[in-house]
$ cat upload_10.cif   # mmCIF, C-alpha atoms (C1' of nucleotides)
data_target
#
loop_
_atom_site.label_atom_id
_atom_site.label_comp_id
_atom_site.auth_asym_id
_atom_site.auth_seq_id
_atom_site.Cartn_x
_atom_site.Cartn_y
_atom_site.Cartn_z
CA MET A 29 -27.75 5.60 -34.03
CA THR A 30 -24.10 6.46 -33.61
CA LYS A 31 -22.80 6.46 -30.07
CA PRO A 32 -19.67 8.48 -29.55
CA ASP A 33 -17.42 6.97 -27.03
CA ASP A 34 -14.65 8.06 -24.70
CA PHE A 35 -12.04 5.41 -25.37
CA ASP A 36 -8.74 7.26 -25.68
CA LEU A 37 -7.06 6.02 -28.79
CA GLN A 38 -4.08 8.33 -28.34
CA ALA A 39 -3.40 6.71 -25.00
CA PHE A 40 -3.57 3.17 -26.31
CA LEU A 41 0.02 2.08 -26.14
CA PRO A 42 0.35 0.08 -29.36
CA TYR A 43 -1.24 2.93 -31.30
CA LEU A 44 0.78 5.64 -29.62
CA LEU A 45 4.02 3.74 -29.97
CA ASN A 46 3.43 3.25 -33.66
CA GLN A 47 2.76 6.91 -34.20
CA ALA A 48 5.85 7.92 -32.30
CA ALA A 49 7.97 5.33 -34.07
CA GLU A 50 6.76 6.42 -37.46
CA GLU A 51 7.35 10.04 -36.70
CA ALA A 52 10.80 9.38 -35.30
CA SER A 53 11.86 7.16 -38.19
CA LEU A 54 10.73 9.41 -40.97
CA GLY A 55 13.57 11.88 -41.05
CA PHE A 56 16.29 9.28 -40.82
CA GLN A 57 14.62 7.08 -43.39
CA GLN A 58 14.62 9.97 -45.81
CA ILE A 59 18.37 10.24 -45.51
CA TYR A 60 19.46 6.66 -46.02
CA LYS A 61 16.94 6.30 -48.78
CA ASP A 62 17.82 9.46 -50.66
CA ARG A 63 21.55 9.28 -50.11
CA TYR A 64 22.18 5.59 -50.69
CA GLY A 65 18.93 4.11 -51.93
CA LEU A 66 18.75 1.79 -48.94
CA LEU A 67 15.70 0.12 -47.48
CA ARG A 68 15.04 -0.16 -43.77
CA SER A 69 16.10 -3.78 -43.71
CA GLU A 70 19.27 -2.83 -45.55
CA TRP A 71 20.49 -0.13 -43.23
CA ARG A 72 19.76 -2.45 -40.34
CA VAL A 73 21.97 -5.15 -41.78
CA LEU A 74 24.59 -2.57 -42.62
CA PHE A 75 24.60 -1.27 -39.05
CA HIS A 76 24.79 -4.70 -37.52
CA LEU A 77 27.83 -5.48 -39.61
CA GLY A 78 29.35 -2.09 -38.90
CA ILE A 79 28.92 -2.54 -35.20
CA PHE A 80 29.67 -6.20 -34.69
CA GLY A 81 32.06 -6.88 -37.51
CA ARG A 82 31.64 -10.33 -39.00
CA LEU A 83 28.26 -12.03 -38.66
CA THR A 84 26.14 -14.65 -40.31
CA ALA A 85 22.69 -13.87 -41.68
CA THR A 86 21.11 -15.87 -38.88
CA GLU A 87 22.98 -13.90 -36.26
CA ILE A 88 21.79 -10.65 -37.75
CA GLY A 89 18.25 -11.96 -37.76
CA ALA A 90 18.49 -12.92 -34.12
CA LYS A 91 20.06 -9.67 -32.95
CA GLY A 92 17.66 -7.49 -34.89
CA LYS A 93 14.54 -9.61 -34.75
CA VAL A 94 14.39 -9.64 -38.52
CA HIS A 95 13.05 -12.57 -40.49
CA LYS A 96 15.62 -14.53 -42.42
CA THR A 97 14.05 -13.84 -45.79
CA LYS A 98 14.36 -10.14 -45.18
CA VAL A 99 17.97 -10.53 -44.16
CA SER A 100 18.64 -12.70 -47.16
CA ARG A 101 17.27 -10.17 -49.60
CA ALA A 102 18.90 -7.25 -47.86
CA VAL A 103 22.26 -9.00 -47.98
CA GLN A 104 21.75 -9.81 -51.62
CA ARG A 105 21.19 -6.19 -52.54
CA LEU A 106 24.02 -4.98 -50.34
CA ALA A 107 26.35 -7.52 -51.92
CA ASP A 108 25.26 -6.50 -55.42
CA ARG A 109 26.29 -2.95 -54.59
CA ARG A 110 29.57 -4.16 -53.12
CA LEU A 111 28.77 -2.86 -49.66
CA VAL A 112 28.93 -6.35 -48.17
CA LYS A 113 31.27 -9.25 -48.80
CA ARG A 114 30.02 -12.81 -48.42
CA ALA A 115 32.20 -15.84 -47.77
CA ARG A 116 31.15 -19.45 -47.34
CA SER A 117 32.30 -20.88 -44.04
CA GLU A 118 34.88 -23.66 -44.20
CA ASP A 119 33.54 -25.45 -41.17
CA ASP A 120 29.91 -25.49 -42.12
CA ARG A 121 29.14 -24.90 -45.70
CA ARG A 122 25.57 -23.88 -45.08
CA VAL A 123 26.89 -20.81 -43.31
CA GLU A 124 27.98 -17.59 -44.94
CA TRP A 125 30.11 -15.03 -43.15
CA LEU A 126 29.21 -11.48 -43.91
CA GLU A 127 31.23 -8.34 -43.50
CA LEU A 128 31.37 -4.84 -44.84
CA THR A 129 33.61 -3.98 -47.75
CA PRO A 130 35.69 -0.81 -47.46
CA VAL A 131 32.95 1.01 -49.33
CA GLY A 132 30.38 -0.48 -47.00
CA GLU A 133 32.45 0.78 -44.07
CA LYS A 134 32.41 4.27 -45.51
CA VAL A 135 28.67 4.23 -45.99
CA TYR A 136 28.21 2.86 -42.50
CA ARG A 137 30.40 5.51 -40.93
CA ASP A 138 28.58 8.24 -42.78
CA LEU A 139 25.20 6.97 -41.73
CA ARG A 140 26.33 6.43 -38.18
CA GLU A 141 27.31 10.07 -38.12
CA VAL A 142 23.93 11.04 -39.50
CA ALA A 143 22.20 8.80 -36.97
CA GLN A 144 23.98 10.52 -34.12
CA GLU A 145 23.06 13.95 -35.40
CA TYR A 146 19.52 12.84 -35.95
CA GLU A 147 19.33 11.48 -32.45
CA SER A 148 20.45 14.84 -31.12
CA SER A 149 17.81 16.60 -33.14
CA LEU A 150 15.18 14.39 -31.53
CA GLN A 151 16.53 15.22 -28.09
CA VAL A 152 15.41 18.77 -28.62
CA LYS A 153 11.90 17.64 -27.85
CA LEU A 154 12.97 15.96 -24.61
CA SER A 155 15.34 16.62 -21.73
CA ASP A 156 18.32 14.34 -21.21
CA ASP A 157 16.66 12.81 -18.23
CA GLU A 158 13.43 12.21 -20.05
CA MET A 159 15.34 10.62 -22.87
CA ARG A 160 17.14 8.27 -20.52
CA VAL A 161 13.94 7.22 -18.83
CA LEU A 162 12.15 6.83 -22.12
CA LYS A 163 14.79 4.52 -23.48
CA ALA A 164 14.85 2.42 -20.36
CA MET A 165 11.12 1.88 -20.62
CA LEU A 166 11.20 1.17 -24.29
CA LEU A 167 13.85 -1.45 -23.67
CA LYS A 168 11.59 -3.08 -21.14
CA LEU A 169 8.71 -3.05 -23.56
CA ALA A 170 10.84 -4.36 -26.37
CA GLY A 171 11.71 -7.29 -24.13
CA ARG A 172 15.40 -6.54 -24.41
CA LEU A 173 16.32 -6.42 -20.75
CA MET B 20 39.83 -5.86 -41.77
CA THR B 21 36.58 -5.63 -39.86
CA LYS B 22 36.45 -2.97 -37.19
CA PRO B 23 33.89 -3.58 -34.50
CA ASP B 24 32.39 -0.43 -33.25
CA ASP B 25 30.65 0.80 -30.16
CA PHE B 26 27.67 2.58 -31.66
CA ASP B 27 24.70 1.50 -29.60
CA LEU B 28 21.99 0.45 -31.99
CA GLN B 29 19.62 -0.49 -29.18
CA ALA B 30 19.80 3.06 -27.93
CA PHE B 31 19.12 4.65 -31.31
CA LEU B 32 15.67 6.04 -30.85
CA PRO B 33 14.07 5.24 -34.21
CA TYR B 34 15.31 1.68 -33.98
CA LEU B 35 14.31 1.22 -30.37
CA LEU B 36 10.91 2.75 -30.90
CA ASN B 37 10.24 0.45 -33.78
CA GLN B 38 11.19 -2.60 -31.78
CA ALA B 39 9.04 -1.57 -28.86
CA ALA B 40 6.14 -0.69 -31.13
CA GLU B 41 6.34 -4.00 -32.93
CA GLU B 42 6.55 -5.94 -29.72
CA ALA B 43 3.69 -4.01 -28.14
CA SER B 44 1.46 -4.35 -31.20
CA LEU B 45 1.96 -8.02 -31.78
CA GLY B 46 -0.45 -9.45 -29.27
CA PHE B 47 -3.26 -7.10 -30.13
CA GLN B 48 -2.72 -7.54 -33.84
CA GLN B 49 -3.07 -11.26 -33.40
CA ILE B 50 -6.50 -10.79 -31.91
CA TYR B 51 -8.12 -8.45 -34.41
CA LYS B 52 -6.58 -10.42 -37.22
CA ASP B 53 -7.58 -13.86 -36.00
CA ARG B 54 -10.95 -12.90 -34.65
CA TYR B 55 -12.18 -10.59 -37.39
CA GLY B 56 -9.64 -10.78 -40.20
CA LEU B 57 -8.90 -7.09 -39.89
CA LEU B 58 -5.78 -5.25 -41.00
CA ARG B 59 -4.10 -2.55 -38.98
CA SER B 60 -5.57 0.21 -41.10
CA GLU B 61 -8.98 -1.39 -40.70
CA TRP B 62 -9.10 -1.53 -36.93
CA ARG B 63 -7.89 2.03 -36.88
CA VAL B 64 -10.74 3.20 -39.03
CA LEU B 65 -13.13 1.08 -37.00
CA PHE B 66 -11.92 2.65 -33.76
CA HIS B 67 -12.11 6.15 -35.09
CA LEU B 68 -15.71 5.60 -36.07
CA GLY B 69 -16.47 3.86 -32.81
CA ILE B 70 -15.04 6.71 -30.80
CA PHE B 71 -16.13 9.73 -32.79
CA GLY B 72 -19.30 8.53 -34.39
CA ARG B 73 -19.83 9.84 -37.88
CA LEU B 74 -16.77 10.93 -39.85
CA THR B 75 -15.62 11.41 -43.41
CA ALA B 76 -12.63 9.55 -44.81
CA THR B 77 -10.62 12.74 -44.83
CA GLU B 78 -11.34 13.38 -41.18
CA ILE B 79 -10.17 9.90 -40.26
CA GLY B 80 -7.03 10.43 -42.26
CA ALA B 81 -6.32 13.68 -40.45
CA LYS B 82 -7.00 12.36 -36.98
CA GLY B 83 -4.98 9.22 -37.44
CA LYS B 84 -2.28 10.49 -39.79
CA VAL B 85 -3.26 7.86 -42.31
CA HIS B 86 -2.99 8.43 -46.02
CA LYS B 87 -6.27 8.74 -47.85
CA THR B 88 -5.64 5.73 -50.04
CA LYS B 89 -5.23 3.56 -46.99
CA VAL B 90 -8.41 4.94 -45.51
CA SER B 91 -10.21 4.44 -48.79
CA ARG B 92 -9.24 0.80 -49.02
CA ALA B 93 -9.90 0.12 -45.37
CA VAL B 94 -13.37 1.65 -45.68
CA GLN B 95 -14.04 -0.39 -48.77
CA ARG B 96 -13.24 -3.65 -47.03
CA LEU B 97 -15.14 -2.66 -43.91
CA ALA B 98 -18.15 -1.72 -46.02
CA ASP B 99 -17.96 -5.01 -47.92
CA ARG B 100 -18.22 -6.82 -44.62
CA ARG B 101 -21.07 -4.59 -43.50
CA LEU B 102 -19.16 -3.18 -40.58
CA VAL B 103 -19.36 0.34 -41.96
CA LYS B 104 -22.15 2.21 -43.68
CA ARG B 105 -21.36 4.85 -46.27
CA ALA B 106 -23.68 7.68 -47.26
CA ARG B 107 -23.11 10.41 -49.78
CA SER B 108 -23.45 13.85 -48.25
CA GLU B 109 -26.37 15.96 -49.48
CA ASP B 110 -24.49 19.22 -49.11
CA ASP B 111 -21.35 18.22 -50.90
CA ARG B 112 -21.57 15.19 -53.06
CA ARG B 113 -17.85 14.55 -53.06
CA VAL B 114 -18.10 13.74 -49.39
CA GLU B 115 -19.12 10.43 -47.91
CA TRP B 116 -20.26 10.12 -44.31
CA LEU B 117 -19.11 6.97 -42.63
CA GLU B 118 -20.48 5.26 -39.58
CA LEU B 119 -20.50 1.87 -37.98
CA THR B 120 -23.34 -0.52 -38.65
CA PRO B 121 -24.80 -2.34 -35.63
CA VAL B 122 -22.49 -5.23 -36.43
CA GLY B 123 -19.59 -2.81 -36.69
CA GLU B 124 -20.53 -1.45 -33.29
CA LYS B 125 -20.44 -4.91 -31.81
CA VAL B 126 -17.05 -5.63 -33.28
CA TYR B 127 -15.78 -2.27 -32.08
CA ARG B 128 -17.04 -2.81 -28.56
CA ASP B 129 -15.50 -6.24 -28.43
CA LEU B 130 -12.15 -5.00 -29.65
CA ARG B 131 -12.25 -1.99 -27.35
CA GLU B 132 -12.66 -4.43 -24.49
CA VAL B 133 -9.74 -6.46 -25.74
CA ALA B 134 -7.67 -3.32 -26.17
CA GLN B 135 -8.27 -2.32 -22.58
CA GLU B 136 -7.33 -5.74 -21.31
CA TYR B 137 -4.31 -5.78 -23.52
CA GLU B 138 -3.24 -2.38 -22.26
CA SER B 139 -3.45 -3.67 -18.69
CA SER B 140 -1.35 -6.65 -19.59
CA LEU B 141 1.34 -4.32 -20.90
CA GLN B 142 1.24 -2.35 -17.68
CA VAL B 143 2.64 -5.37 -15.92
CA LYS B 144 6.01 -4.50 -17.35
CA LEU B 145 5.83 -0.92 -16.09
CA SER B 146 4.65 0.93 -13.02
CA ASP B 147 1.71 3.32 -13.32
CA ASP B 148 4.04 6.25 -13.00
CA GLU B 149 6.38 4.97 -15.63
CA MET B 150 3.47 4.38 -17.94
CA ARG B 151 2.22 7.92 -17.47
CA VAL B 152 5.64 9.41 -18.16
CA LEU B 153 6.19 7.13 -21.11
CA LYS B 154 2.96 8.17 -22.76
CA ALA B 155 3.61 11.84 -22.19
CA MET B 156 6.95 11.55 -23.91
CA LEU B 157 5.62 9.49 -26.76
CA LEU B 158 2.99 12.13 -27.34
CA LYS B 159 5.70 14.74 -27.56
CA LEU B 160 7.65 12.65 -30.01
CA ALA B 161 4.59 11.90 -32.07
CA GLY B 162 4.08 15.62 -32.39
CA ARG B 163 0.65 15.41 -30.84
CA LEU B 164 0.99 18.02 -28.16
"C1'" DG C 3 -21.31 31.65 -67.21
"C1'" DC C 4 -16.52 30.11 -68.11
"C1'" DT C 5 -11.95 29.04 -66.77
"C1'" DT C 6 -8.76 27.76 -63.25
"C1'" DG C 7 -7.77 25.85 -58.99
"C1'" DT C 8 -9.01 22.84 -54.91
"C1'" DT C 9 -10.82 19.11 -52.50
"C1'" DA C 10 -12.87 14.13 -51.69
"C1'" DG C 11 -12.16 9.96 -52.84
"C1'" DT C 12 -10.76 6.07 -56.15
"C1'" DT C 13 -7.87 3.41 -59.12
"C1'" DA C 14 -3.63 1.66 -61.31
"C1'" DC C 15 0.88 0.44 -61.02
"C1'" DA C 16 5.30 -0.27 -58.69
"C1'" DA C 17 7.78 -1.31 -54.33
"C1'" DA C 18 8.07 -3.87 -50.20
"C1'" DA C 19 6.65 -7.21 -46.71
"C1'" DA C 20 4.72 -11.69 -45.26
"C1'" DC C 21 4.39 -16.43 -45.67
"C1'" DA C 22 5.28 -20.92 -47.39
"C1'" DA C 23 7.85 -24.13 -49.81
"C1'" DC C 24 12.29 -25.35 -51.30
"C1'" DT C 25 17.68 -26.84 -51.62
"C1'" DA C 26 21.76 -27.96 -49.46
"C1'" DT C 27 24.21 -29.28 -45.61
"C1'" DT C 28 24.92 -30.93 -41.02
"C1'" DA C 29 23.38 -33.32 -36.60
"C1'" DC C 30 21.33 -36.96 -34.17
"C1'" DC C 31 20.62 -41.59 -33.03
"C1'" DA C 32 18.96 -46.40 -33.34
"C1'" DT D 29 26.02 -46.66 -41.28
"C1'" DG D 30 21.40 -45.00 -42.87
"C1'" DG D 31 17.48 -42.66 -42.08
"C1'" DT D 32 15.11 -38.76 -39.90
"C1'" DA D 33 15.22 -34.37 -38.15
"C1'" DA D 34 17.21 -29.78 -37.78
"C1'" DT D 35 19.55 -25.66 -39.57
"C1'" DA D 36 21.26 -21.92 -43.05
"C1'" DG D 37 19.84 -19.62 -46.47
"C1'" DT D 38 17.12 -18.90 -50.94
"C1'" DT D 39 13.22 -18.56 -54.02
"C1'" DG D 40 8.34 -18.09 -55.38
"C1'" DT D 41 3.81 -16.41 -54.51
"C1'" DT D 42 0.52 -13.68 -52.33
"C1'" DT D 43 -0.69 -9.48 -49.46
"C1'" DT D 44 0.00 -4.80 -48.26
"C1'" DT D 45 1.84 -0.56 -48.90
"C1'" DG D 46 3.35 3.67 -51.35
"C1'" DT D 47 3.05 6.85 -55.06
"C1'" DA D 48 1.08 9.06 -58.69
"C1'" DA D 49 -2.41 9.82 -61.74
"C1'" DC D 50 -7.17 10.06 -62.20
"C1'" DT D 51 -12.55 11.32 -61.82
"C1'" DA D 52 -16.07 13.96 -59.90
"C1'" DA D 53 -17.72 17.81 -57.48
"C1'" DC D 54 -17.30 22.25 -55.69
"C1'" DA D 55 -15.20 27.23 -55.21
"C1'" DA D 56 -13.58 31.65 -56.74
"C1'" DG D 57 -12.44 35.26 -59.83
"C1'" DC D 58 -13.19 37.47 -63.71
#

$ encode --input "upload_10.cif" --output "structure tokens"
Amino acid sequence: MTKPDDFDLQAFLPYLLNQAAEEASLGFQQIYKDRYGLLRSEWRVLFHLGIFGRLTATEIGAKGKVHKTKVSRAVQRLADRRLVKRARSEDDRRVEWLELTPVGEKVYRDLREVAQEYESSLQVKLSDDEMRVLKAMLLKLAGRL
Amino acid sequence: MTKPDDFDLQAFLPYLLNQAAEEASLGFQQIYKDRYGLLRSEWRVLFHLGIFGRLTATEIGAKGKVHKTKVSRAVQRLADRRLVKRARSEDDRRVEWLELTPVGEKVYRDLREVAQEYESSLQVKLSDDEMRVLKAMLLKLAGRL
DNA sequence: GCTTGTTAGTTACAAAAACAACTATTACCA
DNA sequence: TGGTAATAGTTGTTTTTGTAACTAACAAGC
């Protein structure tokens, strides 16, 4: 009574994207987890602060499409480990300015290095041109253009 | 003391892929969740059975790169809702053959329809050619070639 | 046949994510 | 003003996931 079917799951974009994303994330995840015990939400916050300097939690959430509770908890853990410094804003006391501590900077720079190497290692599977095109299309899909 | 930096997070492949994958999954997720209360692992199992007919849990895990505990739990919930029928194998009594019930078939066919429509809606953002190239590259990255 | 190793699948527990409700502060406006 | 709504961020609770240990059945070598 079973009717096999020719729907191509591998070609279904949400499925395929997830598989590719998982595969591509795995190696890098291993590094920030093993080396610094960071979670995904934590390295994201770390990178945002490393790149943009001083931000509020809300700004990080907006830039990275991360929910505020995730940012809040990530910041909490990063602050506990003295990777991030928090300071209440004078103007608006609901707001907290976040920035990396010197140690946080070091961790960021190390991971940025790793990220760049990792990126190169992924490029092995694709030509430069392919990579450029791929990213352009992913940006479109991500609604970031 | 904060040093802004020009590392391009949007262009970091694992990050970008995740964003695109999340964005691309969202709409479809909404449907199988709202309409049938399914989880991601559940629709995946459902689709595998819909496409391939009769499979064991291990086979589904291998085809979809899903861990056996996830498959196990997905199957359990699908069986509870009578979408999947389980039958101990005669040859090897560790093995359980899984297939869709008639109701499961209906749900599968409905969601397959939705998936196809959804896929088309994503194509609006990209040309046919772009889509073809994109998928080819994602397959490479996913290590499926 | 016994012992050892493997495989299919489940279960238990810990880690992480999702969602909703909450506090504190500021903005709006009649 | 004073009252209502909006915003920043946190906390609590429930779902899901991840990991490891487990049971049951089979396989292989001696």

$ residues_near_point --input "upload_10.cif" --point "(8.3, -4.6, -50.6)" --cutoff "10 Å" --atoms "all atoms listed in the file" --output "list in words"
Leu67 and Lys98 of chain A; DA16, DA17, DA18, DA19 and DA20 of chain C; DT44, DT45 and DG46 of chain D

$ calpha_fit_and_write --input "upload_10.cif" --fixed "chain A" --moving "chain B" --output "mmCIF file with C-alpha atoms, in the frame of the given file"
data_model
loop_
_atom_site.group_PDB
_atom_site.id
_atom_site.type_symbol
_atom_site.label_atom_id
_atom_site.label_comp_id
_atom_site.auth_asym_id
_atom_site.auth_seq_id
_atom_site.Cartn_x
_atom_site.Cartn_y
_atom_site.Cartn_z
ATOM 1 C CA MET B 20 -27.684 6.058 -34.198
ATOM 2 C CA THR B 21 -24.000 6.791 -33.801
ATOM 3 C CA LYS B 22 -22.709 6.751 -30.258
ATOM 4 C CA PRO B 23 -19.541 8.712 -29.727
ATOM 5 C CA ASP B 24 -17.338 7.157 -27.185
ATOM 6 C CA ASP B 25 -14.583 8.205 -24.862
ATOM 7 C CA PHE B 26 -12.013 5.508 -25.513
ATOM 8 C CA ASP B 27 -8.714 7.309 -25.844
ATOM 9 C CA LEU B 28 -7.037 6.028 -28.960
ATOM 10 C CA GLN B 29 -4.053 8.331 -28.522
ATOM 11 C CA ALA B 30 -3.381 6.716 -25.185
ATOM 12 C CA PHE B 31 -3.585 3.153 -26.479
ATOM 13 C CA LEU B 32 -0.015 2.032 -26.276
ATOM 14 C CA PRO B 33 0.348 0.048 -29.504
ATOM 15 C CA TYR B 34 -1.204 2.887 -31.451
ATOM 16 C CA LEU B 35 0.799 5.589 -29.739
ATOM 17 C CA LEU B 36 4.033 3.688 -30.065
ATOM 18 C CA ASN B 37 3.476 3.221 -33.740
ATOM 19 C CA GLN B 38 2.812 6.892 -34.274
ATOM 20 C CA ALA B 39 5.874 7.909 -32.326
ATOM 21 C CA ALA B 40 8.015 5.323 -34.078
ATOM 22 C CA GLU B 41 6.845 6.436 -37.488
ATOM 23 C CA GLU B 42 7.394 10.066 -36.693
ATOM 24 C CA ALA B 43 10.825 9.421 -35.206
ATOM 25 C CA SER B 44 11.933 7.237 -38.114
ATOM 26 C CA LEU B 45 10.813 9.493 -40.891
ATOM 27 C CA GLY B 46 13.679 11.927 -41.002
ATOM 28 C CA PHE B 47 16.360 9.296 -40.789
ATOM 29 C CA GLN B 48 14.644 7.099 -43.334
ATOM 30 C CA GLN B 49 14.634 9.986 -45.747
ATOM 31 C CA ILE B 50 18.388 10.234 -45.510
ATOM 32 C CA TYR B 51 19.438 6.627 -46.001
ATOM 33 C CA LYS B 52 16.863 6.270 -48.720
ATOM 34 C CA ASP B 53 17.744 9.415 -50.632
ATOM 35 C CA ARG B 54 21.460 9.227 -50.126
ATOM 36 C CA TYR B 55 22.064 5.527 -50.674
ATOM 37 C CA GLY B 56 18.775 4.045 -51.845
ATOM 38 C CA LEU B 57 18.647 1.753 -48.847
ATOM 39 C CA LEU B 58 15.599 0.096 -47.325
ATOM 40 C CA ARG B 59 14.988 -0.183 -43.618
ATOM 41 C CA SER B 60 16.068 -3.802 -43.523
ATOM 42 C CA GLU B 61 19.200 -2.847 -45.429
ATOM 43 C CA TRP B 62 20.465 -0.143 -43.119
ATOM 44 C CA ARG B 63 19.796 -2.462 -40.235
ATOM 45 C CA VAL B 64 21.963 -5.162 -41.692
ATOM 46 C CA LEU B 65 24.573 -2.571 -42.588
ATOM 47 C CA PHE B 66 24.639 -1.267 -39.022
ATOM 48 C CA HIS B 67 24.854 -4.689 -37.506
ATOM 49 C CA LEU B 68 27.870 -5.460 -39.633
ATOM 50 C CA GLY B 69 29.375 -2.066 -38.965
ATOM 51 C CA ILE B 70 29.016 -2.491 -35.237
ATOM 52 C CA PHE B 71 29.812 -6.153 -34.761
ATOM 53 C CA GLY B 72 32.148 -6.839 -37.610
ATOM 54 C CA ARG B 73 31.733 -10.262 -39.124
ATOM 55 C CA LEU B 74 28.379 -11.994 -38.700
ATOM 56 C CA THR B 75 26.252 -14.656 -40.320
ATOM 57 C CA ALA B 76 22.763 -13.917 -41.601
ATOM 58 C CA THR B 77 21.272 -15.917 -38.774
ATOM 59 C CA GLU B 78 23.164 -13.927 -36.184
ATOM 60 C CA ILE B 79 21.902 -10.674 -37.650
ATOM 61 C CA GLY B 80 18.392 -12.021 -37.610
ATOM 62 C CA ALA B 81 18.700 -12.964 -33.955
ATOM 63 C CA LYS B 82 20.248 -9.709 -32.834
ATOM 64 C CA GLY B 83 17.801 -7.543 -34.696
ATOM 65 C CA LYS B 84 14.691 -9.715 -34.503
ATOM 66 C CA VAL B 85 14.496 -9.739 -38.270
ATOM 67 C CA HIS B 86 13.164 -12.686 -40.196
ATOM 68 C CA LYS B 87 15.725 -14.613 -42.177
ATOM 69 C CA THR B 88 14.068 -13.926 -45.498
ATOM 70 C CA LYS B 89 14.350 -10.218 -44.905
ATOM 71 C CA VAL B 90 17.981 -10.587 -43.965
ATOM 72 C CA SER B 91 18.595 -12.753 -46.994
ATOM 73 C CA ARG B 92 17.144 -10.213 -49.378
ATOM 74 C CA ALA B 93 18.811 -7.283 -47.689
ATOM 75 C CA VAL B 94 22.180 -9.041 -47.893
ATOM 76 C CA GLN B 95 21.591 -9.837 -51.523
ATOM 77 C CA ARG B 96 20.960 -6.219 -52.419
ATOM 78 C CA LEU B 97 23.845 -5.001 -50.292
ATOM 79 C CA ALA B 98 26.146 -7.533 -51.933
ATOM 80 C CA ASP B 99 24.957 -6.505 -55.397
ATOM 81 C CA ARG B 100 25.994 -2.966 -54.597
ATOM 82 C CA ARG B 101 29.311 -4.142 -53.196
ATOM 83 C CA LEU B 102 28.598 -2.853 -49.733
ATOM 84 C CA VAL B 103 28.809 -6.326 -48.239
ATOM 85 C CA LYS B 104 31.143 -9.214 -48.912
ATOM 86 C CA ARG B 105 29.933 -12.774 -48.509
ATOM 87 C CA ALA B 106 32.173 -15.770 -47.896
ATOM 88 C CA ARG B 107 31.204 -19.374 -47.453
ATOM 89 C CA SER B 108 32.439 -20.786 -44.171
ATOM 90 C CA GLU B 109 35.078 -23.519 -44.399
ATOM 91 C CA ASP B 110 33.839 -25.315 -41.310
ATOM 92 C CA ASP B 111 30.198 -25.435 -42.200
ATOM 93 C CA ARG B 112 29.348 -24.826 -45.778
ATOM 94 C CA ARG B 113 25.761 -23.879 -45.077
ATOM 95 C CA VAL B 114 27.032 -20.789 -43.339
ATOM 96 C CA GLU B 115 28.028 -17.558 -44.998
ATOM 97 C CA TRP B 116 30.179 -14.987 -43.231
ATOM 98 C CA LEU B 117 29.214 -11.441 -43.980
ATOM 99 C CA GLU B 118 31.232 -8.295 -43.615
ATOM 100 C CA LEU B 119 31.313 -4.791 -44.944
ATOM 101 C CA THR B 120 33.475 -3.946 -47.918
ATOM 102 C CA PRO B 121 35.554 -0.755 -47.676
ATOM 103 C CA VAL B 122 32.760 1.037 -49.496
ATOM 104 C CA GLY B 123 30.257 -0.467 -47.086
ATOM 105 C CA GLU B 124 32.371 0.811 -44.224
ATOM 106 C CA LYS B 125 32.303 4.296 -45.646
ATOM 107 C CA VAL B 126 28.561 4.233 -46.056
ATOM 108 C CA TYR B 127 28.167 2.863 -42.547
ATOM 109 C CA ARG B 128 30.377 5.524 -41.029
ATOM 110 C CA ASP B 129 28.528 8.242 -42.858
ATOM 111 C CA LEU B 130 25.152 6.964 -41.754
ATOM 112 C CA ARG B 131 26.345 6.424 -38.198
ATOM 113 C CA GLU B 132 27.306 10.081 -38.169
ATOM 114 C CA VAL B 133 23.908 11.034 -39.493
ATOM 115 C CA ALA B 134 22.226 8.793 -36.948
ATOM 116 C CA GLN B 135 24.033 10.503 -34.109
ATOM 117 C CA GLU B 136 23.104 13.926 -35.377
ATOM 118 C CA TYR B 137 19.568 12.820 -35.908
ATOM 119 C CA GLU B 138 19.386 11.436 -32.394
ATOM 120 C CA SER B 139 20.526 14.802 -31.042
ATOM 121 C CA SER B 140 17.888 16.560 -33.053
ATOM 122 C CA LEU B 141 15.245 14.361 -31.452
ATOM 123 C CA GLN B 142 16.590 15.195 -28.023
ATOM 124 C CA VAL B 143 15.431 18.738 -28.553
ATOM 125 C CA LYS B 144 11.924 17.578 -27.837
ATOM 126 C CA LEU B 145 12.943 15.901 -24.583
ATOM 127 C CA SER B 146 15.243 16.572 -21.668
ATOM 128 C CA ASP B 147 18.226 14.284 -21.104
ATOM 129 C CA ASP B 148 16.505 12.747 -18.139
ATOM 130 C CA GLU B 149 13.321 12.134 -20.014
ATOM 131 C CA MET B 150 15.270 10.558 -22.819
ATOM 132 C CA ARG B 151 17.046 8.218 -20.435
ATOM 133 C CA VAL B 152 13.801 7.140 -18.791
ATOM 134 C CA LEU B 153 12.076 6.773 -22.122
ATOM 135 C CA LYS B 154 14.740 4.462 -23.463
ATOM 136 C CA ALA B 155 14.775 2.352 -20.338
ATOM 137 C CA MET B 156 11.058 1.805 -20.626
ATOM 138 C CA LEU B 157 11.163 1.102 -24.318
ATOM 139 C CA LEU B 158 13.798 -1.516 -23.666
ATOM 140 C CA LYS B 159 11.511 -3.152 -21.157
ATOM 141 C CA LEU B 160 8.647 -3.120 -23.600
ATOM 142 C CA ALA B 161 10.794 -4.429 -26.400
ATOM 143 C CA GLY B 162 11.651 -7.347 -24.175
ATOM 144 C CA ARG B 163 15.337 -6.577 -24.373
ATOM 145 C CA LEU B 164 16.182 -6.512 -20.713
#

$ interface_residues --input "upload_10.cif" --of "chain A" --to "chain D" --cutoff "10 Å" --atoms "all atoms listed in the file" --output "ChimeraX atom specification"
/A:84-86,96-97,99-101,120-124

$ atom_distance --input "upload_10.cif" --atom1 "atom CA of Ile79 of chain B" --atom2 "atom CA of Arg131 of chain B"
17.7 Å

$ interface_residues --input "upload_10.cif" --of "chain C" --to "chain A" --cutoff "9 Å" --atoms "only C-alpha atoms (C1' of nucleotides)" --output "number ranges by chain"
C: 19, 26-28
